[in-house]
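J.: Got a structure for you, written out below as structure tokens; questions coming shortly.
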Amino acid sequence: MTAATQRPAPPRWTGERRGAIGVVLLVAMVWSISGLDVTLDRLLGAPSDAWAILRQMVPPAFARVAARGAVGKVFESVYIAWIGTVIGALLSLPLAFMAAHNVAPIWIRVPIRQLFNAIRAVPELILAVILIPITGLGPWAGTLAIGIHSIGTLGKWATESIESIDSGPIEAVDSTGGRWVSSMRWAVFPQVMSTISSYWLFRFEINVRASAVLGMIGAGGVGSELVSHLVFRDFPAASAVLALTVGMVLTIDTVSAAVRRRIITGGVGGDDSSRSAEALSDLTGINHR
Amino acid sequence: MIRLEDVSVTYPGGVEALRGIDLTIGDGEFVVIVGLSGAGKSTLLRVLNGLVPATSGSVVVDGTEVVGASAATLRQVRSRIGMIFQTFNLVNRTSVLNNVLMGRLSVVPAWRSTLGLWPAEDREAAMAALERVGIVDKAYVRASNLSGGQQQRVGIARALAQEPGLMLADEPVAALDPVTSRQVMGDLQKINRELGITTLVNLHFLDLAKEYGRRLIGLRDGEMIFDGDIANVDDDTFRDIYGRSITDEDLLAMGDSPTDGSEGG
Amino acid sequence: MTPTPGQSTRPERPRLRARTVGIAAALMAFSIFAAREVGFDPSTFWEVWSNPLWEKFWPIPWDWVFDSGNVLQPFVETFQIATISTILGCGLALPVGFAMSSLTTPNRPTYLVSRAVMNVVRAVPDLFWAKLMVTAIGIGAFAGAWALTIFSLAVMVKLFSETVDGADPGPLEAARAAGGRHAPSLRTGILPTVFPDYVAHALYVFELNVRASVVLGLVGAGGIGRVLEAQRQFFRFDRVLGMLVIIFVVVWVIEQVSVSLRKRLI
């Protein structure tokens, strides 16, 4: 508390920087809207259009869509997601062992990592677009699309969990004169299996949504029902299909999250508690600490 | 029989871990290696089974040259050398028996071990190894549920399951409390005497070294400072090896607070 | 305590628990059933290679792809959709996200209602929103922007409210203790702490939106997907492949930029 302390000037440029960001956002908005061919009456009309449709959606025509087999279509979406996840899991697991830098030589891991990246970049829907001419319309196209796309993310996640293991047991296997396969099977696999299987379940949750969407282009599942009702502007039926889908998605999310929690806490070791947070941060690329 | 001739190890980055080591160890010996951390103790053990490749010189274990050996030869050599680690190096998430069975990997065909179809005689070898270290009752328990001392015994059993002619122990008691440390050292001594397995143990504690060792090797900055009968070792010898006077921390008995007490009972 | 060698006896090999066997059998049975239901057909894996359609994928007509009107313009539209919906969705997510965290919610009913509504909104897949909007307000990018705004809001509030949940409540308590009203207290007590995360999440949502807006066109909601769908219907798979390559590169670049920006923020 000496008298010599002066009041400092506020740091320069803070206000200017904020202003600049604001201008950038504003320009971005104007530029974006300019491309959407929005007219004033469309903009003002949209909420009332949406509201009108929303009113027509109540009450949902459950009995009518059930009679058409919508429930079966909902289950078909689950089957597609499940088999797609199984395909992705089975194909990605061995690949992940060849992609992790602590267990695989560079000549194999670099191409496999790039394969994962390439697969991740192509959405399921686009894969299905390419596959449909080959497999024909139907659930198998959707299943394959989901299976292939899942290899990318599941492979990446599995690689990362292999890379975070304790390397001691690998050294132990090496010191007994074991082969590479043996050290993968007995030193690495037991360490990563619970984490990886919880990733599989997590991916299944995502795939359930994806498989619902795939139906919209004819690749099996509930999406086709929604599209056909919306095309005929049968809004009570559409809302019933929507409600069934939402119910299915929420149920699977809840059950799967509970199972994942059990898998993770069933494992031993203090570092496990953070694994589900890790899964989320892997998905988002953001660290939630 | 182990023979090292002018063995040097330089790590990538230029650190010289070992310089010109000449050493012969006969069958059935119990050798204790002491030195400060960074003196090259761990490197010396790992040069013997090729986990660390020697930069120059010759390492011959039971008539096989390890330096520059092919992968298959190295596996062959390693299958006859058991190794015990400071941090146990167990797979925590699987059973004790599975950990011990890892000692049989070099003799079981890869497809059988990969599928977990261990032959009966290999299961028997693993069980017998567990019996020898006195924890066969824990065979089906998860390794993580064991105390530190028990975990190190599993590590010893895994090495014994290899039916090795040579046992390398890299600071086997550094993570254990004094009482457990003595038990583990006693196990190693018994194995050496009863099975005639040549045993090399890295130790930090001087009193343990004197208590259990017969032959002592002193390393300092990668060079061999002392090699001889432990009976001829006195405080001056240790001063040479450590480059300073002995402190309480160098003695297990005096250090009431164990280095890292992870032993539960 | 620790047994001495020779004292302990061999244990029985534990039998597999009935529950474990049951779960494994049930999963197996479900997988087999589901595989039959989806028409599982492993022959596709090798038949794929001999499919005559592959010839239609090659060679990529690069002059067509780089002709500005064909791909570039719809791609700009895709970006416009992604940009406006990220800005709107993330802007709305700020108040809604605060309402959805127990730390910052104004009152319990708001908390419960906002969580329930947002859970349901998030359970609707993004392209369902797009199709709904296309039906409600007509084909085009406008509908796509609406759909992605809703979708971004749903994703963003989840990420953001979780960040707020984990924030240090101390400053907020101090602001309230000083007699601040609800909104100003949040502004001074919480927002500075969570703002870097907020921006990072927003960048992530932008990334998601670019990916999603690529496929919006398949259901008539504008952007590059519209061209993709049209070329597919003409069986111009070479053009489809060329566009996929462009999409791949652009999405990859955006991801790299976004990831490195996010790393710097957190």
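Chain labels A, B, ... are given in the sequence in which chains occur in the structure tokens; within each chain residues are numbered consecutively from 1, and ligands are likewise numbered from 1 in the order shown.
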Taking only C-alpha atoms into account, what are the residues of chain B at most 10 Å from chain A, put as a PyMOL selection string?

T.: chain B and resi 46+49-51+71-95+98-99+101-116+142-145+155+158-159+161-162+164+168

J.: Hey, list the chain C side of the contact with chain A: 6 Å cut-off, only C-alpha atoms, answer as a PDB file with C-alpha atoms, in the first residue's frame.

T.:
ATOM      1  CA  ALA C  34     -30.014 -59.794 -36.336  1.00  0.00           C
ATOM      2  CA  VAL C  38     -30.374 -57.629 -42.195  1.00  0.00           C
ATOM      3  CA  GLY C  39     -29.632 -60.189 -44.900  1.00  0.00           C
ATOM      4  CA  GLN C  80     -23.110 -21.156 -45.523  1.00  0.00           C
ATOM      5  CA  ILE C  84     -25.220 -19.874 -39.917  1.00  0.00           C
ATOM      6  CA  ALA C 123     -32.505 -38.359 -29.905  1.00  0.00           C
ATOM      7  CA  VAL C 124     -33.866 -37.299 -33.301  1.00  0.00           C
ATOM      8  CA  PRO C 125     -31.158 -37.977 -35.902  1.00  0.00           C
ATOM      9  CA  ALA C 136     -42.452 -27.874 -43.417  1.00  0.00           C
ATOM     10  CA  ALA C 141     -30.740 -24.688 -48.050  1.00  0.00           C
ATOM     11  CA  PHE C 142     -33.069 -22.692 -45.827  1.00  0.00           C
ATOM     12  CA  PHE C 248     -12.580 -35.668 -48.043  1.00  0.00           C
TER      13      PHE C 248
END

J.: From a DSSP calculation on the backbone, collect every residue of range 123-226 of chain B in strand (DSSP E) and output the set as a list of chain:residue names.

T.: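 Strand (DSSP E) members of range 123-226 of chain B, listed: B:Leu166, B:Met167, B:Leu168, B:Ala169, B:Thr198, B:Thr199, B:Leu200, B:Val201, B:Asn202, B:Leu203, B:Arg215, B:Leu216, B:Ile217, B:Gly218, B:Leu219, B:Arg220, B:Glu223, B:Met224, B:Ile225, B:Phe226.
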
J.: For chain B, list the residues within 9 Å of chain C, counting only C-alpha atoms, and write the list as a list in words.

T.: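 Per the criterion, chain B yields Met127, Leu130, Glu131, Arg132, Val133, Gly134, Ile135, Val136, Asp137, Lys138, Ala139, Tyr140, Gly149, Gln150, Thr180, Gln183, Asp187 and Gly265 of chain B.
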
J.: Please write the residues from the selection above to a file, keeping C-alpha atoms, as a PDB file, in the first residue's frame.

T.:
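What follows is the written file selection_32.pdb:
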ATOM      1  CA  MET B 127       0.957 -74.645 -11.075  1.00  0.00           C
ATOM      2  CA  LEU B 130       3.186 -71.219  -8.112  1.00  0.00           C
ATOM      3  CA  GLU B 131       3.564 -73.952  -5.530  1.00  0.00           C
ATOM      4  CA  ARG B 132       7.249 -73.273  -5.289  1.00  0.00           C
ATOM      5  CA  VAL B 133       6.646 -69.644  -4.371  1.00  0.00           C
ATOM      6  CA  GLY B 134       3.779 -70.607  -2.068  1.00  0.00           C
ATOM      7  CA  ILE B 135       0.833 -68.821  -3.650  1.00  0.00           C
ATOM      8  CA  VAL B 136      -0.828 -71.579  -5.648  1.00  0.00           C
ATOM      9  CA  ASP B 137      -4.030 -70.892  -3.740  1.00  0.00           C
ATOM     10  CA  LYS B 138      -4.241 -67.560  -5.588  1.00  0.00           C
ATOM     11  CA  ALA B 139      -4.043 -69.169  -9.033  1.00  0.00           C
ATOM     12  CA  TYR B 140      -7.473 -67.989 -10.176  1.00  0.00           C
ATOM     13  CA  GLY B 149       4.926 -59.092  -2.233  1.00  0.00           C
ATOM     14  CA  GLN B 150       2.506 -61.632  -3.668  1.00  0.00           C
ATOM     15  CA  THR B 180       8.595 -58.590   2.227  1.00  0.00           C
ATOM     16  CA  GLN B 183      11.007 -62.931   1.929  1.00  0.00           C
ATOM     17  CA  ASP B 187      12.754 -67.112  -2.325  1.00  0.00           C
ATOM     18  CA  GLY B 265      -0.077 -58.247   3.677  1.00  0.00           C
TER      19      GLY B 265
END

J.: Name all residues at most 10 Å from Trp58 in chain C (count only C-alpha atoms; drop same-chain ones fewer than 2 positions away) and give them as a compact mmCIF listing (two decimals) with N, CA and C atoms, in the first residue's frame.

T.:
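And here's selection-v4.txt as it stands now:
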# COMPACT_ATOMS: atom_id res chain seq x y z
N LEU C 53 -20.03 -52.21 -61.98
CA LEU C 53 -20.27 -50.79 -61.73
C LEU C 53 -18.99 -50.02 -61.41
N TRP C 54 -17.97 -50.74 -60.90
CA TRP C 54 -16.75 -50.04 -60.52
C TRP C 54 -16.17 -49.25 -61.69
N GLU C 55 -16.36 -49.80 -62.90
CA GLU C 55 -15.82 -49.09 -64.05
C GLU C 55 -16.39 -47.69 -64.18
N LYS C 56 -17.60 -47.53 -63.68
CA LYS C 56 -18.24 -46.23 -63.77
C LYS C 56 -17.64 -45.22 -62.81
N ILE C 60 -11.78 -40.20 -62.83
CA ILE C 60 -12.45 -39.04 -62.25
C ILE C 60 -12.39 -37.87 -63.25
N PRO C 61 -13.54 -37.30 -63.61
CA PRO C 61 -13.56 -36.18 -64.55
C PRO C 61 -13.20 -34.88 -63.85
N ARG C 236 -23.64 -41.26 -62.62
CA ARG C 236 -22.32 -40.69 -62.90
C ARG C 236 -21.43 -40.89 -61.66
N PHE C 237 -21.07 -42.14 -61.42
CA PHE C 237 -20.30 -42.43 -60.21
C PHE C 237 -18.90 -41.84 -60.26
N ASP C 238 -18.38 -41.61 -61.49
CA ASP C 238 -17.07 -40.98 -61.58
C ASP C 238 -17.12 -39.58 -60.98
N ARG C 239 -18.21 -38.86 -61.29
CA ARG C 239 -18.36 -37.52 -60.71
C ARG C 239 -18.57 -37.60 -59.21
N LEU C 241 -17.41 -39.84 -57.21
CA LEU C 241 -16.11 -40.12 -56.60
C LEU C 241 -15.25 -38.85 -56.55
N GLY C 242 -15.26 -38.10 -57.65
CA GLY C 242 -14.49 -36.86 -57.68
C GLY C 242 -14.93 -35.91 -56.58

J.: Rounded to one decimal in Å, what is the spacing between CA of Cys90 in chain C and CA of Met156 in chain C?

T.: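 Spanning CA of Cys90 in chain C to CA of Met156 in chain C is a straight-line distance of 6.2 Å.
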
J.: Using only C-alpha atoms, which residues sit within 8 Å of range 158-164 of chain A once same-chain residues fewer than 4 positions away are excluded, as an MDAnalysis selection string?

T.: chainID A and resid 92:93 96:97 99:102 154 188 192 195:196 199

J.: Could you jot down the CA of Gly40 in chain B to CA of Met185 in chain B separation for me, Å, one decimal place?

T.: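 Interatomic distance here is 21.2 Å.
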
J.: Here is a test: counting only C-alpha atoms, which residue of C:Ser114, C:Ser31, C:Ser68, C:Ser152 is nearest to Ser213 in chain C?

T.: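 Of C:Ser114, C:Ser31, C:Ser68, C:Ser152, the one nearest Ser213 in chain C, counting only C-alpha atoms, is C:Ser152.
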
J.: Which residues come within 9 Å of Ala240 in chain A, counting only C-alpha atoms, excluding same-chain residues fewer than 2 positions away, as a ChimeraX atom specification?

T.: /A:57,59-66,235-238,242-245

J.: Rounded to one decimal, what separation in Å do you get between CA of Asn202 in chain B and CA of Thr247 in chain B?

T.: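 Answer for the CA of Asn202 in chain B to CA of Thr247 in chain B separation: 18.7 Å.
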
J.: Report as a PDB file with C-alpha atoms, in the first residue's frame all protein, DNA and RNA residues lying within 10 Å of Ile2 in chain B, evaluated on only C-alpha atoms, omitting residues in the same chain fewer than 4 positions from it.

T.:
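result-v8.pdb, freshly written:
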ATOM      1  CA  LEU B  23      32.734 -60.796 -17.093  1.00  0.00           C
ATOM      2  CA  THR B  24      32.389 -64.541 -16.663  1.00  0.00           C
ATOM      3  CA  ILE B  25      29.697 -66.136 -14.544  1.00  0.00           C
ATOM      4  CA  GLY B  26      29.663 -69.844 -13.902  1.00  0.00           C
ATOM      5  CA  ASP B  27      26.643 -72.104 -13.633  1.00  0.00           C
ATOM      6  CA  LEU B  48      22.219 -60.786 -21.391  1.00  0.00           C
ATOM      7  CA  VAL B  59      27.758 -61.758 -25.030  1.00  0.00           C
ATOM      8  CA  VAL B  60      27.686 -65.536 -24.950  1.00  0.00           C
ATOM      9  CA  VAL B  61      25.006 -67.271 -22.899  1.00  0.00           C
ATOM     10  CA  ASP B  62      25.258 -71.056 -22.708  1.00  0.00           C
ATOM     11  CA  GLY B  63      27.280 -71.131 -25.881  1.00  0.00           C
ATOM     12  CA  THR B  64      25.016 -68.864 -27.931  1.00  0.00           C
ATOM     13  CA  LEU B 166      19.480 -68.361 -15.676  1.00  0.00           C
ATOM     14  CA  THR B 198      22.284 -69.166 -11.996  1.00  0.00           C
TER      15      THR B 198
END

J.: For range 261-266 of chain C, work out the shell of residues within 7 Å, counting only C-alpha atoms and skipping chain neighbours fewer than 6 positions away, then give it as a list in words.

T.: Pro196, Asp197 and Ala200 of chain C

J.: Write the residues of the selection above to a file with N, CA and C atoms, as a PDB file, in the first residue's frame.

T.:
ATOM      1  N   PRO C 196     -13.585 -20.312 -22.753  1.00  0.00           N
ATOM      2  CA  PRO C 196     -12.684 -21.016 -23.672  1.00  0.00           C
ATOM      3  C   PRO C 196     -13.256 -22.365 -24.112  1.00  0.00           C
ATOM      4  N   ASP C 197     -13.848 -23.105 -23.161  1.00  0.00           N
ATOM      5  CA  ASP C 197     -14.461 -24.380 -23.525  1.00  0.00           C
ATOM      6  C   ASP C 197     -15.633 -24.183 -24.474  1.00  0.00           C
ATOM      7  N   ALA C 200     -14.325 -23.679 -27.862  1.00  0.00           N
ATOM      8  CA  ALA C 200     -13.791 -24.947 -28.365  1.00  0.00           C
ATOM      9  C   ALA C 200     -14.922 -25.874 -28.799  1.00  0.00           C
TER      10      ALA C 200
END

J.: Running DSSP on the backbone, which parts of range 66-202 of chain B land in alpha helix (DSSP H), as a ChimeraX atom specification?

T.: /B:71-79,96-101,110-115,120-132,148-161,178-195
